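*Asks:* Structure below; questions to follow.
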Amino acid sequence: MTISEMQEEIIRIKKEKDICILAHAYQNHEILEVADYVGDSYGLAVNASKDSKKTVLMCGVRFMAETCKIISPEKNVILVSSEAGCPMAEQLDTDFLAAIKEDYPDYTTVCYINTTAELKTQCDVCVTSSAALKIVSQLENDKILFIPDPNLGNWIEKQLPEKTFAFYKRGGCPTHFRLTADEVKKAKEAHPDALVLVHPECRPEVVELADFVGSTTGIMNYAKKSDKKEFIIGTENSIVSHLQYDCPDKLFFALSKDCVCHNMRLITLGDVYTAVKGLTGEEITLSDEVITGAKRCIDKMLELGG
């Protein structure tokens, strides 16, 4: 079976079974082409909640599928690959967070959406990379415990000097953490006319050298709308190829050959094919208590961030 034949079968079966396919932007292009919605983790969950289909197939990692279930508990949410996790989301558990919170009793606990459903139940508000600054700036408390990513937290802290921040310093995204300031400098030397676009999950010294800092969707939108013709991309390398498809008149360069999310790479078009057939995939189940607790955290995000 060729790629196009498999794609045609996936599209046929998903229509027959009334399945909504979600694909995170880090997926390979052949997967994006069969998806109903493509984007960042929270945006995918929102789109799924508005879709009439009762079964959702998540081509992404576990916390993304959990977010879909939290927002749409009445839907059947299937994670294409049960092994596709997020190292950052798994860095803390509820007991560890409880111990950290004891050291910061008067702090508001802010969690990045890249956390488990269970961890969200112990937090005050959730944020996405695109809305984090807006949400944290509106919190009444000037003391913020930001988990789990200190790099995203550091980026917010520098823009909100009036607030006091505490972090889980051993947290962060291992994929974005691989990017270094030396690589930025070398990339600029190789492509002096290119703008550097990076994700705020990168180290502070990388962020400081960037021309634009934003979420995955933010990076893509910036590159598409910009009058510039060359860009160095400092996030998962799949974004380089997606932008090359979307903007064939522009040039895109990976900041590092090592910026690859191995969990996202676990998912193949063949996995999507067997999942829509019902042969593979894991149905996400969460207790009512977890759904209620985690949704409170997400609802607070919507209240402050829109």
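By order in the structure tokens, chains are A, B, ...; within a chain, residues start at 1; ligands start at 1, following the order shown.
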With a distance cut-off of 10 Å and only C-alpha atoms, select the neighbouring residues of Lys69 of chain A, excluding the residue or stretch itself and same-chain residues fewer than 6 positions from it, and output the selection as a list in words.

*Replies:*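 Returned residues: Ala45, Ala48, Ser49, Val56, Phe63, Lys75, Asn76, Val77, Ile78, Ala117, Glu283, Ile284, Thr285, Leu286, Ile291 and Lys295 of chain A.
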
*Asks:* At a cut-off of 10 Å, using only C-alpha atoms, what residues contact Asp18 of chain A? Leave out same-chain residues fewer than 4 positions from it and give the result as a VMD selection string.

*Replies:* chain A and resid 12 to 14 52 to 56 276

*Asks:* Near Glu33 of chain A, within 10 Å and counting only C-alpha atoms, which residues show up once chain neighbours fewer than 5 positions away are dropped, as a VMD selection string?

*Replies:* chain A and resid 4 7 11 23 28 38

*Asks:* Please produce a file of the residues just selected, as a PDB file, in the first residue's frame, where the atoms kept are C-alpha atoms.

*Replies:*
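Output file result25.pdb follows:
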ATOM      1  CA  SER A   4      -1.572   7.991  -0.820  1.00  0.00           C
ATOM      2  CA  GLN A   7      -4.288   8.073   3.354  1.00  0.00           C
ATOM      3  CA  ILE A  11     -10.120   9.182   5.219  1.00  0.00           C
ATOM      4  CA  ALA A  23      -2.800  16.011  14.672  1.00  0.00           C
ATOM      5  CA  ASN A  28       4.833  14.209   9.901  1.00  0.00           C
ATOM      6  CA  VAL A  38      -3.933  20.531  13.062  1.00  0.00           C
TER       7      VAL A  38
END

*Asks:* Please compute the atom CA of Thr94 of chain A-atom CA of Thr128 of chain A distance, one decimal, in Å.

*Replies:*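 Going from atom CA of Thr94 of chain A over to atom CA of Thr128 of chain A, I get 20.1 Å.
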
*Asks:* List as a PDB file with N, CA and C atoms, in the first residue's frame the protein and nucleic acid residues near segment 144-155 of chain A, meaning an atom at most 9 Å away when only C-alpha atoms are counted, but skip any in the same chain fewer than 2 places from it.

*Replies:*
ATOM      1  N   MET A  88       8.432  16.127  29.791  1.00  0.00           N
ATOM      2  CA  MET A  88       8.212  17.280  30.656  1.00  0.00           C
ATOM      3  C   MET A  88       6.955  17.095  31.500  1.00  0.00           C
ATOM      4  N   ALA A  89       5.897  16.581  30.893  1.00  0.00           N
ATOM      5  CA  ALA A  89       4.641  16.382  31.625  1.00  0.00           C
ATOM      6  C   ALA A  89       4.799  15.348  32.735  1.00  0.00           C
ATOM      7  N   GLN A  91       7.572  14.861  34.578  1.00  0.00           N
ATOM      8  CA  GLN A  91       8.661  15.183  35.497  1.00  0.00           C
ATOM      9  C   GLN A  91       8.200  15.352  36.939  1.00  0.00           C
ATOM     10  N   LEU A  92       6.933  15.656  37.133  1.00  0.00           N
ATOM     11  CA  LEU A  92       6.394  15.849  38.474  1.00  0.00           C
ATOM     12  C   LEU A  92       5.168  14.965  38.663  1.00  0.00           C
ATOM     13  N   LEU A  97       4.769  17.576  43.784  1.00  0.00           N
ATOM     14  CA  LEU A  97       4.263  18.944  43.723  1.00  0.00           C
ATOM     15  C   LEU A  97       3.781  19.407  45.094  1.00  0.00           C
ATOM     16  N   LYS A 101       4.967  22.745  47.020  1.00  0.00           N
ATOM     17  CA  LYS A 101       4.014  23.774  47.440  1.00  0.00           C
ATOM     18  C   LYS A 101       4.138  24.095  48.928  1.00  0.00           C
ATOM     19  N   TYR A 104       6.247  26.984  49.363  1.00  0.00           N
ATOM     20  CA  TYR A 104       5.711  28.239  48.818  1.00  0.00           C
ATOM     21  C   TYR A 104       4.208  28.326  49.114  1.00  0.00           C
ATOM     22  N   ASP A 106       2.152  30.596  50.102  1.00  0.00           N
ATOM     23  CA  ASP A 106       1.356  31.757  49.707  1.00  0.00           C
ATOM     24  C   ASP A 106       1.512  32.100  48.231  1.00  0.00           C
ATOM     25  N   TYR A 107       1.980  31.134  47.432  1.00  0.00           N
ATOM     26  CA  TYR A 107       2.154  31.331  45.993  1.00  0.00           C
ATOM     27  C   TYR A 107       0.975  30.740  45.219  1.00  0.00           C
ATOM     28  N   THR A 108       0.630  31.377  44.105  1.00  0.00           N
ATOM     29  CA  THR A 108      -0.352  30.812  43.176  1.00  0.00           C
ATOM     30  C   THR A 108       0.368  29.818  42.269  1.00  0.00           C
ATOM     31  N   THR A 109      -0.152  28.590  42.199  1.00  0.00           N
ATOM     32  CA  THR A 109       0.501  27.556  41.409  1.00  0.00           C
ATOM     33  C   THR A 109      -0.024  27.578  39.981  1.00  0.00           C
ATOM     34  N   VAL A 110       0.872  27.861  39.049  1.00  0.00           N
ATOM     35  CA  VAL A 110       0.540  27.947  37.628  1.00  0.00           C
ATOM     36  C   VAL A 110       1.191  26.766  36.922  1.00  0.00           C
ATOM     37  N   CYS A 111       0.395  25.988  36.200  1.00  0.00           N
ATOM     38  CA  CYS A 111       0.962  24.841  35.483  1.00  0.00           C
ATOM     39  C   CYS A 111       0.851  25.057  33.974  1.00  0.00           C
ATOM     40  N   TYR A 112       1.902  24.702  33.302  1.00  0.00           N
ATOM     41  CA  TYR A 112       1.913  24.662  31.840  1.00  0.00           C
ATOM     42  C   TYR A 112       0.961  23.558  31.410  1.00  0.00           C
ATOM     43  N   ASN A 114       1.428  21.375  29.401  1.00  0.00           N
ATOM     44  CA  ASN A 114       2.219  20.151  29.259  1.00  0.00           C
ATOM     45  C   ASN A 114       2.427  19.492  30.616  1.00  0.00           C
ATOM     46  N   THR A 115       1.316  19.113  31.246  1.00  0.00           N
ATOM     47  CA  THR A 115       1.327  18.400  32.520  1.00  0.00           C
ATOM     48  C   THR A 115       0.247  17.338  32.475  1.00  0.00           C
ATOM     49  N   SER A 129       1.637  28.154  26.035  1.00  0.00           N
ATOM     50  CA  SER A 129       2.794  29.012  25.752  1.00  0.00           C
ATOM     51  C   SER A 129       2.364  30.331  25.118  1.00  0.00           C
ATOM     52  N   ALA A 132       0.391  32.354  28.188  1.00  0.00           N
ATOM     53  CA  ALA A 132       0.955  32.353  29.540  1.00  0.00           C
ATOM     54  C   ALA A 132       1.200  33.755  30.079  1.00  0.00           C
ATOM     55  N   LEU A 133       1.807  34.611  29.272  1.00  0.00           N
ATOM     56  CA  LEU A 133       2.131  35.964  29.726  1.00  0.00           C
ATOM     57  C   LEU A 133       0.867  36.739  30.088  1.00  0.00           C
ATOM     58  N   VAL A 136      -0.752  35.121  33.430  1.00  0.00           N
ATOM     59  CA  VAL A 136       0.001  35.368  34.660  1.00  0.00           C
ATOM     60  C   VAL A 136      -0.032  36.846  35.032  1.00  0.00           C
ATOM     61  N   LEU A 139      -3.089  37.640  37.217  1.00  0.00           N
ATOM     62  CA  LEU A 139      -3.271  37.021  38.524  1.00  0.00           C
ATOM     63  C   LEU A 139      -3.112  38.060  39.621  1.00  0.00           C
ATOM     64  N   ASN A 141      -2.374  37.572  42.759  1.00  0.00           N
ATOM     65  CA  ASN A 141      -1.206  37.273  43.584  1.00  0.00           C
ATOM     66  C   ASN A 141       0.077  37.596  42.812  1.00  0.00           C
ATOM     67  N   ASP A 142       1.001  38.284  43.476  1.00  0.00           N
ATOM     68  CA  ASP A 142       2.271  38.630  42.836  1.00  0.00           C
ATOM     69  C   ASP A 142       3.332  37.550  43.045  1.00  0.00           C
ATOM     70  N   GLU A 157       8.847  35.630  33.501  1.00  0.00           N
ATOM     71  CA  GLU A 157       9.372  36.411  34.619  1.00  0.00           C
ATOM     72  C   GLU A 157      10.072  37.681  34.144  1.00  0.00           C
ATOM     73  N   LYS A 158      10.837  37.583  33.076  1.00  0.00           N
ATOM     74  CA  LYS A 158      11.578  38.741  32.584  1.00  0.00           C
ATOM     75  C   LYS A 158      10.661  39.848  32.083  1.00  0.00           C
ATOM     76  N   GLN A 159       9.436  39.470  31.695  1.00  0.00           N
ATOM     77  CA  GLN A 159       8.485  40.460  31.200  1.00  0.00           C
ATOM     78  C   GLN A 159       7.542  40.959  32.285  1.00  0.00           C
ATOM     79  N   LYS A 163       6.422  40.813  39.582  1.00  0.00           N
ATOM     80  CA  LYS A 163       6.008  39.581  40.252  1.00  0.00           C
ATOM     81  C   LYS A 163       7.223  38.764  40.683  1.00  0.00           C
ATOM     82  N   THR A 164       7.029  37.942  41.720  1.00  0.00           N
ATOM     83  CA  THR A 164       8.080  37.058  42.228  1.00  0.00           C
ATOM     84  C   THR A 164       7.775  35.629  41.794  1.00  0.00           C
ATOM     85  N   PHE A 165       8.770  34.964  41.221  1.00  0.00           N
ATOM     86  CA  PHE A 165       8.566  33.626  40.674  1.00  0.00           C
ATOM     87  C   PHE A 165       9.409  32.584  41.410  1.00  0.00           C
ATOM     88  N   ALA A 166       8.842  31.383  41.494  1.00  0.00           N
ATOM     89  CA  ALA A 166       9.578  30.207  41.953  1.00  0.00           C
ATOM     90  C   ALA A 166       9.361  29.114  40.914  1.00  0.00           C
ATOM     91  N   PHE A 167      10.395  28.276  40.707  1.00  0.00           N
ATOM     92  CA  PHE A 167      10.328  27.267  39.651  1.00  0.00           C
ATOM     93  C   PHE A 167      10.760  25.893  40.166  1.00  0.00           C
ATOM     94  N   TYR A 168      10.321  24.881  39.430  1.00  0.00           N
ATOM     95  CA  TYR A 168      10.898  23.545  39.589  1.00  0.00           C
ATOM     96  C   TYR A 168      12.095  23.517  38.648  1.00  0.00           C
ATOM     97  N   LYS A 169      13.276  23.742  39.178  1.00  0.00           N
ATOM     98  CA  LYS A 169      14.447  24.043  38.352  1.00  0.00           C
ATOM     99  C   LYS A 169      14.940  22.862  37.508  1.00  0.00           C
ATOM    100  N   ARG A 170      14.513  21.660  37.847  1.00  0.00           N
ATOM    101  CA  ARG A 170      14.956  20.496  37.068  1.00  0.00           C
ATOM    102  C   ARG A 170      13.969  20.133  35.961  1.00  0.00           C
ATOM    103  N   GLY A 171      12.957  20.949  35.779  1.00  0.00           N
ATOM    104  CA  GLY A 171      11.964  20.668  34.755  1.00  0.00           C
ATOM    105  C   GLY A 171      12.369  21.192  33.393  1.00  0.00           C
ATOM    106  N   GLY A 172      11.492  20.958  32.412  1.00  0.00           N
ATOM    107  CA  GLY A 172      11.729  21.493  31.076  1.00  0.00           C
ATOM    108  C   GLY A 172      11.598  20.457  29.984  1.00  0.00           C
ATOM    109  N   CYS A 173      11.565  20.944  28.752  1.00  0.00           N
ATOM    110  CA  CYS A 173      11.425  20.080  27.576  1.00  0.00           C
ATOM    111  C   CYS A 173      12.811  19.632  27.112  1.00  0.00           C
ATOM    112  N   PHE A 177      15.580  21.842  25.114  1.00  0.00           N
ATOM    113  CA  PHE A 177      16.754  22.086  25.937  1.00  0.00           C
ATOM    114  C   PHE A 177      18.046  21.770  25.174  1.00  0.00           C
ATOM    115  N   HIS A 199      11.011  28.774  20.297  1.00  0.00           N
ATOM    116  CA  HIS A 199       9.960  28.492  21.265  1.00  0.00           C
ATOM    117  C   HIS A 199      10.435  28.914  22.654  1.00  0.00           C
ATOM    118  N   PRO A 200       9.543  29.432  23.517  1.00  0.00           N
ATOM    119  CA  PRO A 200       9.967  29.863  24.856  1.00  0.00           C
ATOM    120  C   PRO A 200      10.388  28.709  25.770  1.00  0.00           C
ATOM    121  N   GLU A 201      10.219  27.456  25.320  1.00  0.00           N
ATOM    122  CA  GLU A 201      10.736  26.321  26.083  1.00  0.00           C
ATOM    123  C   GLU A 201      12.256  26.199  25.949  1.00  0.00           C
ATOM    124  N   CYS A 202      12.862  26.998  25.048  1.00  0.00           N
ATOM    125  CA  CYS A 202      14.314  26.977  24.880  1.00  0.00           C
ATOM    126  C   CYS A 202      14.998  27.642  26.076  1.00  0.00           C
ATOM    127  N   ARG A 203      16.287  27.356  26.221  1.00  0.00           N
ATOM    128  CA  ARG A 203      17.058  27.962  27.298  1.00  0.00           C
ATOM    129  C   ARG A 203      17.047  29.499  27.169  1.00  0.00           C
ATOM    130  N   PRO A 204      17.154  30.212  28.298  1.00  0.00           N
ATOM    131  CA  PRO A 204      17.140  31.681  28.260  1.00  0.00           C
ATOM    132  C   PRO A 204      18.195  32.272  27.326  1.00  0.00           C
ATOM    133  N   VAL A 207      16.809  32.073  23.844  1.00  0.00           N
ATOM    134  CA  VAL A 207      15.702  33.019  23.681  1.00  0.00           C
ATOM    135  C   VAL A 207      16.221  34.439  23.490  1.00  0.00           C
TER     136      VAL A 207
END

*Asks:* Which of these, A:Thr175, A:Met6, A:Ala187, A:Lys50, has the shortest distance to Cys20 of chain A once you count only C-alpha atoms?

*Replies:*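 For Cys20 of chain A, the nearest of the candidates is A:Lys50.
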
*Asks:* Which residues, written as a PyMOL selection string, have at least one atom at most 12 Å from Cys261 of chain A, with only C-alpha atoms counted and residues fewer than 4 positions away on the same chain left out?

*Replies:* chain A and resi 24-28+60-61+84-88+173-178+235-239+257+265-267

*Asks:* Taking the chain letters and numbering used in this document, name the residues of segment 62-208 of chain A that DSSP puts in alpha helix (DSSP H), as a ChimeraX atom specification.

*Replies:* /A:62-71,94-103,117-120,132-138,150-159,174-177,181-190,204-207

*Asks:* May I have the residues within 8 Å of Lys250 of chain A as number ranges by chain, using only C-alpha atoms and disregarding those fewer than 2 positions away in the same chain?

*Replies:* A: 229-230, 244, 247-248, 252
